[in-house]
$ cat my_file06.txt   # compact mmCIF, N, CA and C atoms
# COMPACT_ATOMS: atom_id res chain seq x y z
N MET A 1 0.85 -1.17 0.00
CA MET A 1 0.00 0.00 0.00
C MET A 1 0.89 1.23 0.00
N GLY A 2 0.36 2.30 -0.47
CA GLY A 2 1.12 3.54 -0.45
C GLY A 2 1.32 4.10 -1.83
N GLN A 3 2.00 5.19 -1.89
CA GLN A 3 2.24 5.88 -3.14
C GLN A 3 3.73 6.17 -3.25
N GLY A 4 4.26 6.02 -4.44
CA GLY A 4 5.66 6.36 -4.67
C GLY A 4 6.58 5.58 -3.76
N GLU A 5 7.37 6.31 -2.99
CA GLU A 5 8.36 5.69 -2.11
C GLU A 5 7.74 5.13 -0.83
N ASN A 6 6.49 5.42 -0.55
CA ASN A 6 5.84 4.96 0.68
C ASN A 6 5.10 3.66 0.44
N THR A 7 5.53 2.62 1.11
CA THR A 7 4.82 1.35 1.04
C THR A 7 4.60 0.87 2.47
N PHE A 8 3.35 0.78 2.87
CA PHE A 8 3.00 0.39 4.22
C PHE A 8 2.08 -0.82 4.17
N THR A 9 2.15 -1.65 5.19
CA THR A 9 1.22 -2.77 5.28
C THR A 9 -0.07 -2.26 5.90
N PRO A 10 -1.18 -2.97 5.72
CA PRO A 10 -2.42 -2.56 6.38
C PRO A 10 -2.27 -2.47 7.91
N LEU A 11 -1.51 -3.36 8.51
CA LEU A 11 -1.32 -3.29 9.97
C LEU A 11 -0.51 -2.07 10.38
N GLN A 12 0.46 -1.67 9.58
CA GLN A 12 1.22 -0.46 9.89
C GLN A 12 0.32 0.78 9.81
N LEU A 13 -0.56 0.83 8.81
CA LEU A 13 -1.49 1.95 8.71
C LEU A 13 -2.47 1.94 9.88
N ALA A 14 -2.95 0.76 10.26
CA ALA A 14 -3.86 0.66 11.40
C ALA A 14 -3.17 1.17 12.67
N GLN A 15 -1.91 0.80 12.87
CA GLN A 15 -1.16 1.24 14.05
C GLN A 15 -0.95 2.75 14.03
N PHE A 16 -0.69 3.30 12.85
CA PHE A 16 -0.53 4.76 12.73
C PHE A 16 -1.81 5.49 13.15
N TYR A 17 -2.93 5.08 12.57
CA TYR A 17 -4.20 5.74 12.91
C TYR A 17 -4.58 5.50 14.35
N MET A 18 -4.30 4.31 14.87
CA MET A 18 -4.59 4.01 16.27
C MET A 18 -3.80 4.95 17.18
N THR A 19 -2.55 5.22 16.84
CA THR A 19 -1.72 6.11 17.65
C THR A 19 -2.28 7.53 17.61
N VAL A 20 -2.67 7.99 16.45
CA VAL A 20 -3.24 9.34 16.33
C VAL A 20 -4.53 9.45 17.13
N VAL A 21 -5.45 8.51 16.91
CA VAL A 21 -6.76 8.56 17.57
C VAL A 21 -6.62 8.46 19.10
N ASN A 22 -5.61 7.75 19.57
CA ASN A 22 -5.39 7.61 21.01
C ASN A 22 -4.52 8.72 21.58
N GLY A 23 -4.46 9.84 20.89
CA GLY A 23 -3.78 11.03 21.40
C GLY A 23 -2.27 10.92 21.48
N GLY A 24 -1.69 9.98 20.75
CA GLY A 24 -0.24 9.83 20.74
C GLY A 24 0.25 8.59 21.45
N ASN A 25 -0.63 7.85 22.12
CA ASN A 25 -0.24 6.60 22.76
C ASN A 25 -0.22 5.49 21.72
N ARG A 26 0.95 4.85 21.58
CA ARG A 26 1.06 3.72 20.64
C ARG A 26 0.98 2.43 21.45
N TYR A 27 -0.11 1.71 21.24
CA TYR A 27 -0.37 0.46 21.96
C TYR A 27 0.12 -0.73 21.15
N ARG A 28 0.42 -1.81 21.86
CA ARG A 28 0.73 -3.08 21.17
C ARG A 28 -0.51 -3.49 20.40
N LEU A 29 -0.33 -3.82 19.14
CA LEU A 29 -1.44 -4.20 18.27
C LEU A 29 -1.80 -5.67 18.49
N HIS A 30 -3.07 -5.93 18.70
CA HIS A 30 -3.57 -7.29 18.89
C HIS A 30 -4.71 -7.54 17.93
N LEU A 31 -4.86 -8.77 17.52
CA LEU A 31 -5.96 -9.13 16.63
C LEU A 31 -7.18 -9.65 17.39
N VAL A 32 -7.00 -10.01 18.66
CA VAL A 32 -8.13 -10.46 19.48
C VAL A 32 -8.09 -9.71 20.80
N LYS A 33 -9.25 -9.51 21.39
CA LYS A 33 -9.36 -8.84 22.68
C LYS A 33 -9.42 -9.84 23.82
N GLU A 34 -10.08 -10.98 23.54
CA GLU A 34 -10.28 -11.96 24.61
C GLU A 34 -10.54 -13.34 24.01
N ILE A 35 -10.09 -14.37 24.70
CA ILE A 35 -10.37 -15.75 24.32
C ILE A 35 -11.26 -16.33 25.41
N LEU A 36 -12.38 -16.92 24.99
CA LEU A 36 -13.35 -17.45 25.95
C LEU A 36 -13.31 -18.97 26.01
N ASN A 37 -13.61 -19.50 27.18
CA ASN A 37 -13.81 -20.93 27.36
C ASN A 37 -15.17 -21.30 26.79
N PRO A 38 -15.42 -22.59 26.54
CA PRO A 38 -16.73 -23.02 26.02
C PRO A 38 -17.91 -22.58 26.89
N ASP A 39 -17.67 -22.42 28.20
CA ASP A 39 -18.77 -22.00 29.09
C ASP A 39 -18.97 -20.48 29.11
N GLY A 40 -18.16 -19.76 28.33
CA GLY A 40 -18.30 -18.31 28.25
C GLY A 40 -17.40 -17.54 29.20
N SER A 41 -16.73 -18.22 30.09
CA SER A 41 -15.81 -17.53 30.99
C SER A 41 -14.52 -17.17 30.24
N SER A 42 -13.82 -16.20 30.77
CA SER A 42 -12.62 -15.71 30.10
C SER A 42 -11.43 -16.64 30.34
N LYS A 43 -10.81 -17.08 29.26
CA LYS A 43 -9.60 -17.90 29.35
C LYS A 43 -8.37 -17.00 29.32
N TYR A 44 -8.40 -16.01 28.45
CA TYR A 44 -7.27 -15.09 28.30
C TYR A 44 -7.80 -13.75 27.82
N LYS A 45 -7.39 -12.70 28.48
CA LYS A 45 -7.82 -11.36 28.09
C LYS A 45 -6.58 -10.49 27.85
N VAL A 46 -6.57 -9.80 26.73
CA VAL A 46 -5.45 -8.93 26.39
C VAL A 46 -5.62 -7.61 27.13
N GLU A 47 -4.60 -7.24 27.87
CA GLU A 47 -4.60 -5.94 28.56
C GLU A 47 -3.86 -4.93 27.70
N PRO A 48 -4.36 -3.70 27.63
CA PRO A 48 -3.67 -2.68 26.83
C PRO A 48 -2.24 -2.47 27.32
N GLU A 49 -1.32 -2.35 26.36
CA GLU A 49 0.09 -2.12 26.70
C GLU A 49 0.62 -0.97 25.84
N VAL A 50 0.96 0.12 26.49
CA VAL A 50 1.51 1.28 25.77
C VAL A 50 2.98 1.00 25.46
N LEU A 51 3.33 1.05 24.18
CA LEU A 51 4.71 0.82 23.74
C LEU A 51 5.51 2.10 23.64
N ASP A 52 4.82 3.18 23.31
CA ASP A 52 5.52 4.43 23.04
C ASP A 52 4.53 5.57 23.15
N ARG A 53 5.06 6.77 23.27
CA ARG A 53 4.23 7.97 23.32
C ARG A 53 4.78 8.96 22.31
N VAL A 54 3.90 9.45 21.42
CA VAL A 54 4.26 10.46 20.43
C VAL A 54 3.58 11.76 20.85
N GLU A 55 4.37 12.80 20.99
CA GLU A 55 3.79 14.08 21.39
C GLU A 55 3.06 14.72 20.22
N ILE A 56 1.80 15.02 20.42
CA ILE A 56 0.98 15.69 19.42
C ILE A 56 0.43 16.95 20.06
N LYS A 57 0.64 18.09 19.42
CA LYS A 57 0.11 19.35 19.94
C LYS A 57 -1.41 19.25 20.00
N PRO A 58 -2.04 19.76 21.06
CA PRO A 58 -3.50 19.68 21.18
C PRO A 58 -4.24 20.25 19.97
N GLU A 59 -3.74 21.35 19.41
CA GLU A 59 -4.42 21.96 18.26
C GLU A 59 -4.26 21.09 17.01
N THR A 60 -3.13 20.41 16.89
CA THR A 60 -2.93 19.49 15.77
C THR A 60 -3.84 18.29 15.90
N TYR A 61 -3.90 17.73 17.11
CA TYR A 61 -4.78 16.58 17.37
C TYR A 61 -6.23 16.93 17.05
N LYS A 62 -6.67 18.09 17.51
CA LYS A 62 -8.05 18.52 17.28
C LYS A 62 -8.34 18.67 15.78
N ALA A 63 -7.43 19.28 15.04
CA ALA A 63 -7.62 19.48 13.59
C ALA A 63 -7.66 18.15 12.85
N VAL A 64 -6.76 17.22 13.20
CA VAL A 64 -6.75 15.92 12.53
C VAL A 64 -8.03 15.15 12.83
N MET A 65 -8.44 15.14 14.09
CA MET A 65 -9.65 14.41 14.46
C MET A 65 -10.89 15.00 13.78
N GLN A 66 -10.97 16.31 13.70
CA GLN A 66 -12.10 16.95 13.01
C GLN A 66 -12.10 16.57 11.54
N GLY A 67 -10.93 16.54 10.92
CA GLY A 67 -10.84 16.16 9.51
C GLY A 67 -11.28 14.73 9.28
N LEU A 68 -10.81 13.81 10.12
CA LEU A 68 -11.19 12.39 9.99
C LEU A 68 -12.70 12.22 10.19
N GLU A 69 -13.26 12.93 11.16
CA GLU A 69 -14.71 12.85 11.41
C GLU A 69 -15.51 13.42 10.25
N LYS A 70 -15.05 14.54 9.69
CA LYS A 70 -15.80 15.18 8.60
C LYS A 70 -15.88 14.32 7.35
N VAL A 71 -14.84 13.52 7.09
CA VAL A 71 -14.89 12.62 5.93
C VAL A 71 -16.11 11.72 6.03
N ASN A 72 -16.39 11.24 7.25
CA ASN A 72 -17.51 10.32 7.43
C ASN A 72 -18.84 11.01 7.69
N GLN A 73 -18.81 12.28 8.02
CA GLN A 73 -20.05 13.01 8.27
C GLN A 73 -20.50 13.83 7.07
N GLU A 74 -19.54 14.38 6.33
CA GLU A 74 -19.87 15.28 5.23
C GLU A 74 -19.20 14.90 3.91
N GLY A 75 -18.17 14.10 3.98
CA GLY A 75 -17.35 13.83 2.80
C GLY A 75 -17.71 12.57 2.06
N SER A 76 -16.67 11.96 1.48
CA SER A 76 -16.86 10.84 0.56
C SER A 76 -17.44 9.59 1.22
N ALA A 77 -17.35 9.46 2.53
CA ALA A 77 -17.88 8.27 3.20
C ALA A 77 -19.19 8.55 3.95
N ALA A 78 -19.74 9.75 3.79
CA ALA A 78 -20.92 10.14 4.56
C ALA A 78 -22.13 9.26 4.30
N SER A 79 -22.29 8.79 3.09
CA SER A 79 -23.48 7.98 2.78
C SER A 79 -23.49 6.68 3.59
N VAL A 80 -22.34 6.21 4.02
CA VAL A 80 -22.25 4.97 4.79
C VAL A 80 -22.22 5.25 6.29
N PHE A 81 -21.49 6.27 6.72
CA PHE A 81 -21.21 6.45 8.14
C PHE A 81 -21.93 7.60 8.82
N ARG A 82 -22.70 8.40 8.11
CA ARG A 82 -23.30 9.60 8.70
C ARG A 82 -24.07 9.30 9.98
N ASN A 83 -24.87 8.27 10.01
CA ASN A 83 -25.68 7.96 11.19
C ASN A 83 -25.21 6.70 11.91
N TYR A 84 -23.95 6.39 11.81
CA TYR A 84 -23.39 5.20 12.45
C TYR A 84 -23.53 5.34 13.97
N PRO A 85 -23.80 4.27 14.69
CA PRO A 85 -24.09 4.37 16.13
C PRO A 85 -22.89 4.73 17.02
N ILE A 86 -21.67 4.67 16.50
CA ILE A 86 -20.50 5.07 17.28
C ILE A 86 -19.71 6.09 16.46
N PRO A 87 -18.89 6.92 17.13
CA PRO A 87 -18.09 7.90 16.39
C PRO A 87 -17.13 7.20 15.44
N THR A 88 -17.00 7.73 14.23
CA THR A 88 -16.11 7.15 13.23
C THR A 88 -15.30 8.25 12.56
N GLY A 89 -14.22 7.86 11.94
CA GLY A 89 -13.40 8.78 11.16
C GLY A 89 -12.92 8.06 9.93
N GLY A 90 -12.60 8.80 8.90
CA GLY A 90 -12.14 8.18 7.66
C GLY A 90 -11.09 9.03 6.98
N LYS A 91 -10.56 8.51 5.90
CA LYS A 91 -9.55 9.19 5.11
C LYS A 91 -10.04 9.26 3.67
N THR A 92 -9.79 10.36 3.04
CA THR A 92 -10.16 10.50 1.64
C THR A 92 -9.21 9.69 0.77
N GLY A 93 -9.51 9.60 -0.51
CA GLY A 93 -8.66 8.86 -1.43
C GLY A 93 -7.28 9.47 -1.55
N THR A 94 -6.38 8.72 -2.10
CA THR A 94 -5.00 9.16 -2.28
C THR A 94 -4.71 9.29 -3.77
N VAL A 95 -3.97 10.31 -4.13
CA VAL A 95 -3.62 10.56 -5.52
C VAL A 95 -2.73 9.43 -6.03
N GLN A 96 -2.98 9.00 -7.24
CA GLN A 96 -2.15 7.98 -7.86
C GLN A 96 -0.99 8.65 -8.58
N ILE A 97 0.16 8.02 -8.52
CA ILE A 97 1.34 8.54 -9.23
C ILE A 97 1.47 7.78 -10.54
N ALA A 98 1.35 8.50 -11.64
CA ALA A 98 1.38 7.87 -12.96
C ALA A 98 2.77 7.35 -13.30
N ASN A 99 3.79 8.13 -13.02
CA ASN A 99 5.17 7.69 -13.24
C ASN A 99 6.07 8.47 -12.29
N SER A 100 7.32 8.14 -12.28
CA SER A 100 8.22 8.80 -11.32
C SER A 100 9.01 9.90 -12.02
N LEU A 101 8.49 11.10 -11.95
CA LEU A 101 9.19 12.27 -12.49
C LEU A 101 10.03 12.86 -11.38
N ASN A 102 11.21 13.35 -11.73
CA ASN A 102 11.95 14.09 -10.71
C ASN A 102 11.39 15.51 -10.65
N SER A 103 11.80 16.27 -9.67
CA SER A 103 11.21 17.60 -9.47
C SER A 103 11.45 18.54 -10.65
N ASP A 104 12.60 18.44 -11.31
CA ASP A 104 12.87 19.30 -12.48
C ASP A 104 11.91 18.98 -13.62
N GLU A 105 11.68 17.69 -13.88
CA GLU A 105 10.75 17.29 -14.93
C GLU A 105 9.34 17.75 -14.61
N ALA A 106 8.95 17.62 -13.34
CA ALA A 106 7.62 18.04 -12.93
C ALA A 106 7.44 19.55 -13.13
N LYS A 107 8.46 20.33 -12.77
CA LYS A 107 8.38 21.78 -12.94
C LYS A 107 8.21 22.15 -14.42
N LYS A 108 8.93 21.45 -15.31
CA LYS A 108 8.82 21.73 -16.74
C LYS A 108 7.40 21.44 -17.24
N LEU A 109 6.80 20.34 -16.76
CA LEU A 109 5.44 20.01 -17.17
C LEU A 109 4.45 21.07 -16.70
N VAL A 110 4.61 21.54 -15.48
CA VAL A 110 3.70 22.55 -14.94
C VAL A 110 3.87 23.86 -15.70
N GLN A 111 5.09 24.23 -16.04
CA GLN A 111 5.34 25.48 -16.75
C GLN A 111 4.76 25.46 -18.16
N ARG A 112 4.62 24.28 -18.77
CA ARG A 112 4.05 24.17 -20.11
C ARG A 112 2.57 24.47 -20.13
N GLU A 113 1.90 24.21 -19.04
CA GLU A 113 0.44 24.37 -18.99
C GLU A 113 0.04 25.82 -19.01
$ encode --input "my_file06.txt" --output "structure tokens"
Amino acid sequence: MGQGENTFTPLQLAQFYMTVVNGGNRYRLHLVKEILNPDGSSKYKVEPEVLDRVEIKPETYKAVMQGLEKVNQEGSAASVFRNYPIPTGGKTGTVQIANSLNSDEAKKLVQRE
């Protein structure tokens, strides 16, 4: 996944967004929350574990969260998530890179227009 020089796995992207949404706390990523015995009692429960802390300015956090929320309330994902029963956030599409131009080539193309 990614564009150009950026290639990320889905789990790496999930961890990135999880860190942002959790205000800068990066938790250990788990695929299950709890394992139950056949009788319904808990056999194993995953406890949250903070691995790292990323400092995010409060105004930056607020702006990013508002942007993620607006995608699902007013933007491209609103038809699906507008009345969802829990708060949600989304990301808009990403520009596709047709080929790898260096910055000089890109400037020449823009100047021609």
$ residues_around --input "my_file06.txt" --residues "region 65-75 of chain A" --least-positions-apart "6" --cutoff "7 Å" --atoms "only C-alpha atoms" --output "ChimeraX atom specification"
/A:81-82,88-92
$ atom_distance --input "my_file06.txt" --atom1 "CA of Pro58 (chain A)" --atom2 "atom N of Leu11 (chain A)"
26.4 Å
$ residues_around --input "my_file06.txt" --residues "Met18 (chain A)" --least-positions-apart "3" --cutoff "12 Å" --atoms "only C-alpha atoms" --output "list in words"
Leu11, Gln12, Leu13, Ala14, Gln15, Val21, Asn22, Gly23, Gly24, Asn25, Arg26, Tyr27, Arg28, Leu29, His30, Val50, Arg53, Val54, Met65 and Gly89 of chain A
$ atom_distance --input "my_file06.txt" --atom1 "atom C of Glu49 (chain A)" --atom2 "CA of Pro85 (chain A)"
27.1 Å
$ atom_distance --input "my_file06.txt" --atom1 "CA of Val46 (chain A)" --atom2 "atom C of Val20 (chain A)"
20.6 Å
$ select_by_dssp --input "my_file06.txt" --residues "region 3-109 of chain A" --states "alpha helix (DSSP H)" --output "count of residues only"
39
$ closest_residue --input "my_file06.txt" --among "A:Val32, A:Ile86, A:Lys57, A:Ser79" --to "Lys45 (chain A)" --atoms "all atoms listed in the file"
A:Val32
